[in-house]
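J.: Please find protein27.txt (compact mmCIF, C-alpha atoms) on the next line:
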# COMPACT_ATOMS: atom_id res chain seq x y z
CA MET A 1 -25.19 -1.69 -13.37
CA ARG A 2 -22.11 -3.87 -12.77
CA ILE A 3 -20.51 -3.47 -9.35
CA LEU A 4 -17.19 -4.94 -8.21
CA TYR A 5 -17.45 -5.15 -4.41
CA VAL A 6 -14.15 -5.56 -2.56
CA THR A 7 -14.47 -6.64 1.09
CA GLN A 8 -12.24 -8.84 3.22
CA PHE A 9 -15.24 -10.23 5.12
CA TYR A 10 -18.25 -12.04 3.66
CA PRO A 11 -20.59 -14.88 4.70
CA PRO A 12 -20.41 -17.47 6.06
CA GLU A 13 -18.49 -15.18 8.42
CA SER A 14 -20.96 -14.07 11.08
CA ILE A 15 -19.79 -10.51 11.75
CA ALA A 16 -21.02 -6.99 11.03
CA PRO A 17 -19.01 -6.19 7.86
CA ALA A 18 -20.02 -9.50 6.31
CA PHE A 19 -23.70 -8.83 7.10
CA ARG A 20 -23.54 -5.33 5.59
CA ALA A 21 -21.77 -6.47 2.43
CA SER A 22 -23.95 -9.49 1.77
CA ASP A 23 -27.25 -7.73 2.54
CA HIS A 24 -26.44 -4.84 0.23
CA ALA A 25 -25.20 -7.15 -2.52
CA ARG A 26 -28.33 -9.30 -2.24
CA TYR A 27 -30.66 -6.32 -2.60
CA TRP A 28 -28.72 -4.91 -5.55
CA LYS A 29 -28.89 -8.29 -7.24
CA GLU A 30 -32.66 -8.46 -6.67
CA TRP A 31 -33.05 -5.03 -8.28
CA GLY A 32 -31.41 -6.16 -11.50
CA ASN A 33 -27.78 -5.19 -10.96
CA GLU A 34 -24.82 -7.51 -11.35
CA VAL A 35 -22.59 -7.73 -8.29
CA ILE A 36 -19.18 -9.41 -8.24
CA VAL A 37 -17.66 -9.86 -4.78
CA PHE A 38 -13.93 -10.18 -4.21
CA THR A 39 -13.22 -11.35 -0.68
CA GLY A 40 -11.01 -13.52 1.51
CA LEU A 41 -11.27 -17.00 2.96
CA PRO A 42 -13.88 -17.16 5.72
CA ASN A 43 -12.08 -17.38 9.07
CA TYR A 44 -13.24 -14.49 11.24
CA PRO A 45 -13.74 -14.05 14.16
CA SER A 46 -12.44 -17.49 15.26
CA ARG A 47 -9.36 -17.22 12.96
CA LYS A 48 -10.04 -20.78 11.87
CA LEU A 49 -10.94 -21.70 8.31
CA TYR A 50 -14.65 -22.48 8.02
CA PRO A 51 -15.66 -26.06 7.18
CA GLY A 52 -15.93 -26.75 3.47
CA TYR A 53 -13.15 -24.36 2.47
CA THR A 54 -9.48 -25.00 1.69
CA THR A 55 -6.49 -22.68 1.68
CA GLN A 56 -6.16 -22.58 -2.09
CA LEU A 57 -4.85 -19.47 -3.77
CA PHE A 58 -8.05 -18.62 -5.64
CA SER A 59 -11.57 -20.01 -5.73
CA GLU A 60 -15.07 -19.14 -6.90
CA GLU A 61 -18.53 -19.84 -5.53
CA THR A 62 -22.07 -18.47 -5.79
CA ILE A 63 -23.96 -17.22 -2.74
CA ASP A 64 -27.57 -15.99 -3.11
CA GLY A 65 -27.03 -15.79 -6.86
CA ILE A 66 -23.96 -13.56 -6.43
CA LYS A 67 -20.60 -14.60 -7.85
CA VAL A 68 -17.99 -14.57 -5.06
CA PHE A 69 -14.27 -14.81 -5.72
CA ARG A 70 -12.15 -15.80 -2.72
CA SER A 71 -8.48 -14.99 -2.37
CA LYS A 72 -6.04 -16.72 -0.06
CA GLU A 73 -4.94 -14.97 3.13
CA TYR A 74 -2.82 -15.78 6.15
CA ILE A 75 -4.97 -17.26 8.91
CA GLY A 76 -3.57 -17.01 12.44
CA ALA A 77 -4.51 -16.18 16.01
CA ASN A 78 -5.83 -12.64 16.54
CA THR A 79 -3.65 -12.01 19.59
CA SER A 80 -1.58 -8.97 18.67
CA LEU A 81 -1.56 -5.93 16.41
CA MET A 82 1.26 -7.47 14.39
CA LYS A 83 -0.64 -10.70 13.75
CA ARG A 84 -3.75 -8.76 12.75
CA ALA A 85 -1.63 -6.67 10.38
CA VAL A 86 -0.15 -9.81 8.83
CA ASN A 87 -3.62 -11.27 8.29
CA THR A 88 -5.10 -8.14 6.73
CA GLY A 89 -1.92 -7.38 4.80
CA SER A 90 -1.91 -10.86 3.32
CA PHE A 91 -5.36 -10.18 1.85
CA LEU A 92 -3.79 -7.32 -0.11
CA VAL A 93 -0.73 -9.33 -1.18
CA PHE A 94 -2.62 -12.40 -2.38
CA GLY A 95 -5.38 -10.20 -3.74
CA LEU A 96 -2.94 -8.34 -5.99
CA LEU A 97 -1.48 -11.65 -7.15
CA ASN A 98 -4.88 -13.10 -7.96
CA TRP A 99 -5.86 -9.87 -9.70
CA GLN A 100 -2.92 -10.29 -12.07
CA LEU A 101 -3.66 -13.97 -12.66
CA HIS A 102 -7.47 -13.79 -12.93
CA LYS A 103 -8.33 -10.22 -13.93
CA LYS A 104 -10.50 -11.28 -16.86
CA GLU A 105 -12.48 -13.69 -14.69
CA ILE A 106 -13.01 -11.20 -11.87
CA ALA A 107 -13.97 -8.05 -13.75
CA LYS A 108 -15.64 -7.77 -17.16
CA ASP A 109 -17.04 -4.37 -18.16
CA MET A 110 -17.51 -3.20 -14.59
CA ASP A 111 -19.13 0.19 -14.06
CA ILE A 112 -17.71 0.93 -10.63
CA VAL A 113 -15.55 -0.46 -7.81
CA LEU A 114 -16.81 -0.30 -4.22
CA ALA A 115 -14.20 -1.09 -1.57
CA THR A 116 -15.19 -1.33 2.07
CA THR A 117 -12.64 -0.87 4.82
CA GLY A 118 -12.50 -2.05 8.33
CA THR A 119 -9.11 -3.15 7.15
CA ILE A 120 -7.22 -0.53 5.18
CA PHE A 121 -5.75 -3.17 2.89
CA ALA A 122 -9.14 -3.99 1.35
CA GLY A 123 -9.41 -0.34 0.43
CA LEU A 124 -5.95 -0.33 -1.13
CA LEU A 125 -6.81 -3.44 -3.14
CA GLY A 126 -9.99 -1.80 -4.41
CA TYR A 127 -8.01 1.31 -5.34
CA ARG A 128 -5.58 -0.77 -7.39
CA MET A 129 -8.41 -2.61 -9.15
CA ALA A 130 -10.22 0.61 -9.99
CA LYS A 131 -7.04 2.13 -11.41
CA ALA A 132 -6.38 -0.92 -13.57
CA LEU A 133 -9.97 -0.96 -14.85
CA LYS A 134 -10.04 2.83 -15.29
CA LYS A 135 -13.32 2.88 -13.40
CA PRO A 136 -14.49 5.12 -10.53
CA LEU A 137 -13.76 4.06 -6.97
CA VAL A 138 -16.17 4.51 -4.08
CA ILE A 139 -14.52 3.93 -0.72
CA GLU A 140 -16.58 2.95 2.33
CA PHE A 141 -15.22 3.52 5.84
CA ARG A 142 -17.09 1.55 8.48
CA ASP A 143 -14.49 2.88 10.93
CA LEU A 144 -11.46 5.12 10.71
CA THR A 145 -8.64 2.94 11.95
CA TYR A 146 -6.36 5.82 12.84
CA ILE A 147 -9.00 7.06 15.29
CA GLN A 148 -9.56 3.58 16.70
CA LEU A 149 -5.82 3.27 17.31
CA GLN A 150 -5.88 6.48 19.34
CA ALA A 151 -8.94 5.29 21.28
CA THR A 152 -7.09 2.14 22.32
CA GLY A 153 -3.97 3.86 23.63
CA ASN A 154 -1.80 4.95 20.69
CA GLN A 155 -0.56 8.52 20.55
CA ALA A 156 -1.72 10.69 17.65
CA GLY A 157 1.90 11.32 16.66
CA SER A 158 2.99 7.68 16.73
CA TRP A 159 4.21 6.12 13.50
CA LYS A 160 1.33 3.63 13.45
CA VAL A 161 -1.34 6.30 13.67
CA ARG A 162 0.40 8.57 11.15
CA LEU A 163 0.89 5.71 8.69
CA VAL A 164 -2.70 4.47 8.85
CA LYS A 165 -4.09 8.00 8.75
CA GLY A 166 -2.02 8.77 5.68
CA LEU A 167 -3.30 5.65 3.90
CA GLU A 168 -6.94 6.25 4.81
CA LEU A 169 -6.82 9.88 3.71
CA PHE A 170 -5.06 8.81 0.50
CA LEU A 171 -8.01 6.56 -0.29
CA ALA A 172 -10.52 9.26 0.60
CA ARG A 173 -8.79 11.79 -1.65
CA ASN A 174 -8.54 9.39 -4.60
CA ALA A 175 -12.09 8.03 -4.44
CA CYS A 176 -14.81 9.82 -6.37
CA ARG A 177 -17.19 9.35 -3.42
CA VAL A 178 -16.67 8.42 0.24
CA ILE A 179 -19.19 6.54 2.38
CA VAL A 180 -19.14 6.60 6.19
CA VAL A 181 -21.56 5.13 8.72
CA THR A 182 -21.92 8.03 11.19
CA ASP A 183 -22.04 11.82 11.14
CA GLY A 184 -19.01 11.89 13.44
CA LEU A 185 -16.86 10.00 10.95
CA ARG A 186 -17.91 12.46 8.25
CA ASP A 187 -16.87 15.35 10.49
CA ASP A 188 -13.50 13.68 11.16
CA LEU A 189 -12.78 13.41 7.43
CA ILE A 190 -13.85 16.99 6.78
CA ARG A 191 -11.48 18.20 9.52
CA ALA A 192 -8.75 16.17 7.84
CA GLY A 193 -9.29 18.05 4.59
CA ILE A 194 -11.65 15.81 2.61
CA PRO A 195 -14.29 17.90 0.76
CA ALA A 196 -17.68 17.65 2.45
CA GLU A 197 -19.55 17.32 -0.84
CA LYS A 198 -17.92 13.97 -1.67
CA ILE A 199 -18.79 12.34 1.70
CA SER A 200 -22.15 10.62 2.33
CA VAL A 201 -23.43 9.02 5.53
CA ILE A 202 -25.05 5.60 5.05
CA PRO A 203 -25.58 4.18 8.56
CA ASN A 204 -25.54 0.55 9.45
CA GLY A 205 -28.94 -1.03 9.67
CA ALA A 206 -30.79 -4.31 9.88
CA ASP A 207 -33.99 -5.75 8.49
CA LEU A 208 -36.71 -6.53 11.02
CA VAL A 209 -36.86 -10.03 12.47
CA SER A 210 -39.92 -11.07 14.47
CA THR A 211 -38.76 -12.27 17.89
CA GLU A 212 -40.81 -13.43 20.86
CA HIS A 213 -39.91 -12.05 24.27
CA HIS A 214 -40.67 -13.73 27.58
CA TYR A 215 -39.76 -11.66 30.62
CA GLU A 216 -39.11 -13.48 33.89
CA ASP A 217 -38.05 -12.49 37.39
CA GLN A 218 -34.43 -13.23 36.57
CA ILE A 219 -32.60 -10.46 34.71
CA LYS A 220 -31.17 -11.87 31.47
CA LEU A 221 -28.42 -10.04 29.59
CA GLY A 222 -26.53 -11.10 26.46
CA TYR A 223 -23.36 -9.92 24.73
CA PHE A 224 -23.20 -11.16 21.13
CA GLY A 225 -20.18 -10.04 19.16
CA THR A 226 -16.45 -9.39 18.99
CA ILE A 227 -14.53 -9.56 22.27
CA GLY A 228 -11.84 -7.13 21.22
CA ILE A 229 -9.72 -4.34 22.60
CA SER A 230 -12.20 -1.67 21.52
CA GLN A 231 -15.11 -3.37 23.31
CA ASN A 232 -13.64 -3.76 26.82
CA VAL A 233 -16.03 -6.60 27.63
CA LEU A 234 -14.53 -6.99 31.11
CA GLN A 235 -16.23 -3.75 32.15
CA THR A 236 -19.60 -5.32 31.37
CA ILE A 237 -18.78 -8.37 33.48
CA GLU A 238 -17.74 -6.15 36.37
CA LEU A 239 -21.06 -4.29 36.13
CA ALA A 240 -22.99 -7.57 36.16
CA GLN A 241 -21.00 -8.76 39.18
CA SER A 242 -21.76 -5.52 41.03
CA LEU A 243 -25.49 -5.90 40.34
CA ILE A 244 -25.37 -9.44 41.70
CA ASP A 245 -23.46 -8.23 44.76
CA GLN A 246 -26.40 -5.91 45.40
CA GLY A 247 -28.70 -8.94 45.60
CA LEU A 248 -30.14 -9.12 42.08
CA ASP A 249 -30.84 -12.41 40.31
CA LEU A 250 -29.01 -12.06 36.99
CA ARG A 251 -27.83 -14.25 34.13
CA TYR A 252 -25.27 -13.00 31.61
CA THR A 253 -24.45 -14.82 28.37
CA ILE A 254 -21.40 -13.83 26.31
CA ILE A 255 -21.00 -15.27 22.81
CA GLY A 256 -18.04 -14.29 20.66
CA GLU A 257 -14.37 -14.35 19.76
CA GLY A 258 -11.67 -11.72 19.65
CA ALA A 259 -8.33 -10.45 20.85
CA GLU A 260 -9.42 -10.14 24.49
CA ARG A 261 -11.33 -13.38 24.82
CA ASP A 262 -8.33 -14.84 26.69
CA LEU A 263 -8.68 -12.12 29.34
CA VAL A 264 -12.35 -12.96 29.80
CA GLU A 265 -11.54 -16.66 30.03
CA GLU A 266 -8.92 -15.92 32.69
CA TRP A 267 -11.44 -13.89 34.70
CA VAL A 268 -13.95 -16.74 34.50
CA ALA A 269 -11.31 -19.30 35.53
CA VAL A 270 -10.33 -17.26 38.59
CA ASN A 271 -13.79 -16.12 39.74
CA LYS A 272 -15.90 -19.11 38.61
CA PRO A 273 -19.15 -17.13 38.32
CA HIS A 274 -22.22 -19.37 38.31
CA TRP A 275 -24.23 -16.60 36.65
CA LEU A 276 -22.02 -16.18 33.56
CA ASP A 277 -22.13 -18.33 30.42
CA LEU A 278 -19.16 -17.81 28.09
CA GLU A 279 -19.58 -19.42 24.67
CA HIS A 280 -17.64 -19.43 21.43
CA GLY A 281 -18.98 -17.67 18.35
CA VAL A 282 -21.89 -19.27 16.52
CA SER A 283 -23.41 -18.89 13.06
CA LYS A 284 -25.94 -16.19 12.26
CA ASN A 285 -28.75 -18.74 12.22
CA GLU A 286 -27.72 -20.19 15.58
CA LEU A 287 -27.45 -16.74 17.11
CA GLU A 288 -30.96 -15.79 16.02
CA ALA A 289 -32.69 -17.80 18.71
CA ARG A 290 -30.55 -16.23 21.43
CA TYR A 291 -32.21 -12.83 21.07
CA SER A 292 -35.45 -14.19 22.49
CA ASP A 293 -33.53 -15.53 25.51
CA VAL A 294 -32.40 -12.13 26.82
CA ASP A 295 -34.08 -9.01 28.19
CA MET A 296 -31.39 -6.72 26.79
CA THR A 297 -28.27 -7.08 24.71
CA VAL A 298 -25.11 -5.50 26.06
CA VAL A 299 -23.01 -3.31 23.75
CA SER A 300 -19.79 -1.78 25.01
CA LEU A 301 -16.94 0.45 23.88
CA VAL A 302 -13.84 1.78 25.57
CA ASP A 303 -14.91 5.06 27.18
CA ASP A 304 -12.73 7.30 25.04
CA VAL A 305 -13.48 10.56 23.25
CA ASN A 306 -12.37 9.00 19.95
CA PHE A 307 -15.29 6.55 20.10
CA ARG A 308 -17.97 9.22 20.48
CA GLN A 309 -18.74 9.04 16.76
CA SER A 310 -19.09 5.23 16.73
CA ILE A 311 -22.37 3.32 16.61
CA PRO A 312 -21.63 -0.41 16.87
CA SER A 313 -23.65 -2.39 14.36
CA LYS A 314 -24.72 -4.76 17.16
CA ILE A 315 -27.11 -2.03 18.27
CA PHE A 316 -29.04 -2.18 15.00
CA GLN A 317 -29.07 -5.99 14.98
CA SER A 318 -30.59 -6.00 18.46
CA LEU A 319 -33.15 -3.24 17.93
CA ALA A 320 -34.36 -4.88 14.71
CA ARG A 321 -35.37 -7.85 16.86
CA GLY A 322 -37.13 -5.69 19.41
CA VAL A 323 -34.45 -6.24 22.04
CA PRO A 324 -33.44 -3.09 23.99
CA VAL A 325 -29.75 -2.29 24.34
CA LEU A 326 -27.70 -1.76 27.49
CA PHE A 327 -24.83 0.42 26.29
CA LEU A 328 -21.58 1.09 28.16
CA GLY A 329 -19.20 3.59 26.62
CA PRO A 330 -18.68 7.26 25.82
CA GLN A 331 -21.46 9.80 25.54
CA GLY A 332 -21.93 10.22 21.81
CA GLU A 333 -23.86 9.06 18.78
CA ALA A 334 -24.55 5.55 20.11
CA SER A 335 -25.85 6.67 23.51
CA GLU A 336 -27.95 9.43 21.90
CA LEU A 337 -29.53 7.00 19.44
CA ILE A 338 -30.52 4.67 22.28
CA GLU A 339 -31.81 7.15 24.84
CA GLU A 340 -33.44 9.68 22.51
CA ASN A 341 -35.51 6.86 21.00
CA ASN A 342 -36.23 5.04 24.28
CA ALA A 343 -34.53 1.96 22.84
CA GLY A 344 -32.48 0.98 25.89
CA LEU A 345 -30.24 2.29 28.63
CA ALA A 346 -26.94 4.17 28.15
CA LEU A 347 -24.30 4.13 30.88
CA CYS A 348 -21.75 6.82 30.07
CA SER A 349 -20.50 8.02 33.45
CA THR A 350 -18.32 6.75 36.30
CA PRO A 351 -18.52 3.08 37.34
CA GLU A 352 -20.41 4.07 40.49
CA ALA A 353 -22.91 6.26 38.63
CA ASN A 354 -23.36 3.59 35.95
CA LEU A 355 -24.05 0.97 38.60
CA ASN A 356 -26.63 3.16 40.35
CA LYS A 357 -28.40 3.93 37.06
CA ALA A 358 -28.42 0.29 35.97
CA HIS A 359 -29.63 -0.90 39.39
CA ALA A 360 -32.46 1.63 39.46
CA PHE A 361 -33.61 0.42 36.06
CA VAL A 362 -33.42 -3.36 36.41
CA ALA A 363 -34.58 -3.43 40.04
CA GLY A 364 -37.52 -1.10 39.44
CA PRO A 365 -41.08 -2.43 39.83
CA ASP A 366 -41.87 -1.43 36.23
CA TYR A 367 -38.84 -3.19 34.71
CA HIS A 368 -40.84 -5.51 32.46
CA ASP A 369 -43.24 -2.77 31.37
CA ARG A 370 -40.34 -0.50 30.42
CA LEU A 371 -38.67 -3.32 28.50
CA ALA A 372 -41.89 -3.96 26.57
CA ALA A 373 -42.23 -0.27 25.70
CA MET A 374 -38.59 -0.11 24.62
CA SER A 375 -39.10 -3.17 22.43
CA VAL A 376 -41.97 -1.51 20.58
CA GLY A 377 -39.97 1.70 20.20
CA ALA A 378 -36.94 -0.17 18.90
CA VAL A 379 -38.91 -1.90 16.15
CA SER A 380 -40.58 1.38 15.12
CA LEU A 381 -37.22 3.15 14.96
CA MET A 382 -35.68 0.46 12.77
CA ARG A 383 -38.69 0.27 10.46
CA GLU A 384 -38.80 4.03 9.94
CA ARG A 385 -35.09 4.86 9.67
CA PHE A 386 -32.68 1.94 9.52
CA THR A 387 -33.84 -1.00 7.44
CA ARG A 388 -31.07 -2.57 5.42
CA GLU A 389 -33.20 -2.24 2.29
CA SER A 390 -33.41 1.54 2.66
CA MET A 391 -29.66 1.77 3.25
CA ALA A 392 -29.00 -0.37 0.16
CA LYS A 393 -31.18 1.96 -1.95
CA ARG A 394 -29.32 5.03 -0.74
CA LEU A 395 -25.91 3.51 -1.40
CA LEU A 396 -26.92 2.22 -4.83
CA ARG A 397 -28.06 5.72 -5.77
CA ILE A 398 -24.62 7.07 -4.88
CA LEU A 399 -22.90 4.35 -6.92
CA GLU A 400 -25.09 5.18 -9.92
CA GLU A 401 -24.41 8.90 -9.58
CA ALA A 402 -20.66 8.30 -9.33
CA ALA A 403 -20.59 5.99 -12.34
CA ASN A 404 -22.70 8.35 -14.46
CA ALA A 405 -20.67 11.41 -13.47
CA THR A 406 -17.47 9.65 -14.48
CA LYS A 407 -18.94 8.65 -17.85
CA GLU A 408 -20.09 12.20 -18.54
CA ALA A 409 -16.72 13.64 -17.54
CA ARG A 410 -14.91 11.28 -19.90
CA LYS A 411 -17.29 12.13 -22.75
CA ALA A 412 -16.54 15.80 -22.17
CA GLU A 413 -12.81 15.11 -22.21
CA ARG A 414 -13.05 13.30 -25.55
CA LYS A 415 -15.07 16.13 -27.08
CA GLY A 416 -12.56 18.65 -25.79
Now that the file is in, can you turn its structure into structure tokens?
T.:
Amino acid sequence: MRILYVTQFYPPESIAPAFRASDHARYWKEWGNEVIVFTGLPNYPSRKLYPGYTTQLFSEETIDGIKVFRSKEYIGANTSLMKRAVNTGSFLVFGLLNWQLHKKEIAKDMDIVLATTGTIFAGLLGYRMAKALKKPLVIEFRDLTYIQLQATGNQAGSWKVRLVKGLELFLARNACRVIVVTDGLRDDLIRAGIPAEKISVIPNGADLVSTEHHYEDQIKLGYFGTIGISQNVLQTIELAQSLIDQGLDLRYTIIGEGAERDLVEEWVAVNKPHWLDLEHGVSKNELEARYSDVDMTVVSLVDDVNFRQSIPSKIFQSLARGVPVLFLGPQGEASELIEENNAGLALCSTPEANLNKAHAFVAGPDYHDRLAAMSVGAVSLMRERFTRESMAKRLLRILEEAANATKEARKAERKG
């Protein structure tokens, strides 16, 4: 099977959508399929071009045996919605230009186009490519941006929300199949009028990585990921400060980039906490060793009803390494996954109630024993339900079904 995979993010970028795209592509390649990736220049989350790359209009490389075409995009600071829109919109503009100039190089006898969105423009680019090739389109929503916009303060009737919602639903209606990562996102699309039978849930996942854990008297927490508006990382710092104010010995390491990193830097500059280490983003390989340095990873979301259906991919990355998760955010799919599987601690109440629950856990005499039990449970959960290999198999099956159904439908049309 020949798959054209359209994604704005791909390694060496060290972020969730790049991990998902590259892991799936690698497995499909190993199983005898041909995968062509069309992506942008690596610059996220730092918004700086990675070493070894130049801002040329179009380039080609091979990663893990997979041909990767890179299209130019605007690279600038991720400090406002407008600048983010310019960056993601430029991927569409230059992508369309490169499609016209290099169509024969990019796509030869493709069976299907898979476009993954976290940026709506990657989906629109995939739609255009599929139309030009007269091949079926499968659209993958890792998030629904119109819901994220509402969760971060935009009114449902605002022009931004209505515009993005219209574009995302346009893609869902015009794709032969739709992939989402949680049951809640599937429900959102069904309520918006997308037929249930064309929507499949393929969660995020992660392959197991053996990690040694050494528990000490000091409580060690780590936040590894995007420091954006949706994450509200300041709330995690305030929780850590409150635990320290109650006399606990705690160390908190934050590694990442994002739109709200400046706010975190300002807080650090004003308060000068000796217990907090704030570092810039690192590569996937560099980050690996950090999991063994913490008792729990911290994952946070803005406590908003619109985020109840979200499960941040950082949760799966952590659990696959046997590291329990301390989650702050709304009661929903993420908190249920963690607490129902004894894979960490979910704080989904008022700041005072969250503090009391966290203090009772980390200050308890059985803290290390509970961490060890959670670590075992986390690995079992990931092995049984959420390996990346199993997710890649499920998604490949959907791609094959969609491609075959389209071929059969066209045969029937010709006979008719």
J.: Env of segment 27-32 of chain A: 8 Å cut, atoms = only C-alpha atoms, seq-sep filter 2 positions within chain, self excluded. Answer as a ChimeraX atom specification.
T.: /A:1,23-25,34-35,65-66,389,392,396
J.: Excluding segment 271-273 of chain A and any residue of its chain fewer than 4 positions from it, enumerate the residues within 12 Å of it, using all atoms listed in the file, and give them as a VMD selection string.
T.: chain A and resid 237 to 238 240 to 241 244 to 245 250 to 253 264 to 267 277 to 278
J.: Given the choices A:Leu189, A:Ala360, A:Val323, A:Leu163, which gets closest to Leu221 of chain A if the distance is worked out from only C-alpha atoms?
T.: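 For Leu221 of chain A, the nearest of the given residues is A:Val323.
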J.: Which of these, A:Pro203, A:Gly153, A:Gly377, A:Gly166, has the shortest distance to Ile179 of chain A once you count only C-alpha atoms?
T.: A:Pro203
J.: Within 6 Å of (-20.8, 10.1, 2.1) (file coordinates; all atoms listed in the file), which protein or nucleic acid residues are there? I'd like them as a PyMOL selection string.
T.: chain A and resi 178-180+199-201
J.: I'd like the contact shell of Glu339 of chain A - 12 Å cut-off, all atoms listed in the file, skipping same-chain residues fewer than 5 positions apart - returned as a PyMOL selection string.
T.: chain A and resi 324-327+331-334+344-348+374+377-378+381
J.: Produce the centre coordinates and the three edge lengths, each in Å to one decimal, of the box along x, y and z that contains all listed atoms of segment 205-219 of chain A with 8 Å added on each side, as lines of an AutoDock Vina configuration file.
T.:
center_x = -34.9
center_y = -7.4
center_z = 22.9
size_x = 27.9
size_y = 28.7
size_z = 44.9
J.: If you keep N, CA and C atoms, can you output segment 97-113 of chain A as an mmCIF file, in the first residue's frame?
T.:
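What follows is the written file out.cif:
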data_model
loop_
_atom_site.group_PDB
_atom_site.id
_atom_site.type_symbol
_atom_site.label_atom_id
_atom_site.label_comp_id
_atom_site.auth_asym_id
_atom_site.auth_seq_id
_atom_site.Cartn_x
_atom_site.Cartn_y
_atom_site.Cartn_z
ATOM 1 N N LEU A 97 2.200 25.551 -3.245
ATOM 2 C CA LEU A 97 3.159 25.924 -4.286
ATOM 3 C C LEU A 97 4.063 24.745 -4.625
ATOM 4 N N ASN A 98 4.598 24.097 -3.621
ATOM 5 C CA ASN A 98 5.480 22.960 -3.874
ATOM 6 C C ASN A 98 4.729 21.781 -4.497
ATOM 7 N N TRP A 99 3.461 21.651 -4.162
ATOM 8 C CA TRP A 99 2.656 20.602 -4.786
ATOM 9 C C TRP A 99 2.560 20.821 -6.295
ATOM 10 N N GLN A 100 2.371 22.071 -6.700
ATOM 11 C CA GLN A 100 2.298 22.370 -8.126
ATOM 12 C C GLN A 100 3.637 22.162 -8.818
ATOM 13 N N LEU A 101 4.717 22.501 -8.129
ATOM 14 C CA LEU A 101 6.047 22.407 -8.734
ATOM 15 C C LEU A 101 6.616 20.986 -8.717
ATOM 16 N N HIS A 102 6.231 20.180 -7.717
ATOM 17 C CA HIS A 102 6.897 18.883 -7.518
ATOM 18 C C HIS A 102 5.911 17.729 -7.364
ATOM 19 N N LYS A 103 4.741 17.858 -7.942
ATOM 20 C CA LYS A 103 3.704 16.841 -7.764
ATOM 21 C C LYS A 103 4.188 15.452 -8.149
ATOM 22 N N LYS A 104 4.903 15.345 -9.263
ATOM 23 C CA LYS A 104 5.339 14.033 -9.734
ATOM 24 C C LYS A 104 6.384 13.413 -8.809
ATOM 25 N N GLU A 105 7.184 14.265 -8.170
ATOM 26 C CA GLU A 105 8.168 13.745 -7.214
ATOM 27 C C GLU A 105 7.500 13.272 -5.932
ATOM 28 N N ILE A 106 6.496 14.019 -5.481
ATOM 29 C CA ILE A 106 5.874 13.757 -4.184
ATOM 30 C C ILE A 106 4.991 12.523 -4.233
ATOM 31 N N ALA A 107 4.153 12.412 -5.249
ATOM 32 C CA ALA A 107 3.125 11.376 -5.240
ATOM 33 C C ALA A 107 3.068 10.630 -6.561
ATOM 34 N N LYS A 108 3.436 9.351 -6.533
ATOM 35 C CA LYS A 108 3.334 8.491 -7.712
ATOM 36 C C LYS A 108 2.477 7.277 -7.347
ATOM 37 N N ASP A 109 1.329 7.165 -7.977
ATOM 38 C CA ASP A 109 0.455 5.999 -7.773
ATOM 39 C C ASP A 109 0.104 5.772 -6.308
ATOM 40 N N MET A 110 -0.212 6.841 -5.595
ATOM 41 C CA MET A 110 -0.593 6.696 -4.197
ATOM 42 C C MET A 110 -1.951 6.007 -4.091
ATOM 43 N N ASP A 111 -2.143 5.268 -3.011
ATOM 44 C CA ASP A 111 -3.431 4.621 -2.769
ATOM 45 C C ASP A 111 -4.350 5.476 -1.900
ATOM 46 N N ILE A 112 -3.747 6.287 -1.038
ATOM 47 C CA ILE A 112 -4.560 7.040 -0.087
ATOM 48 C C ILE A 112 -3.747 8.220 0.454
ATOM 49 N N VAL A 113 -4.456 9.255 0.900
ATOM 50 C CA VAL A 113 -3.830 10.409 1.550
ATOM 51 C C VAL A 113 -4.319 10.462 2.993
#
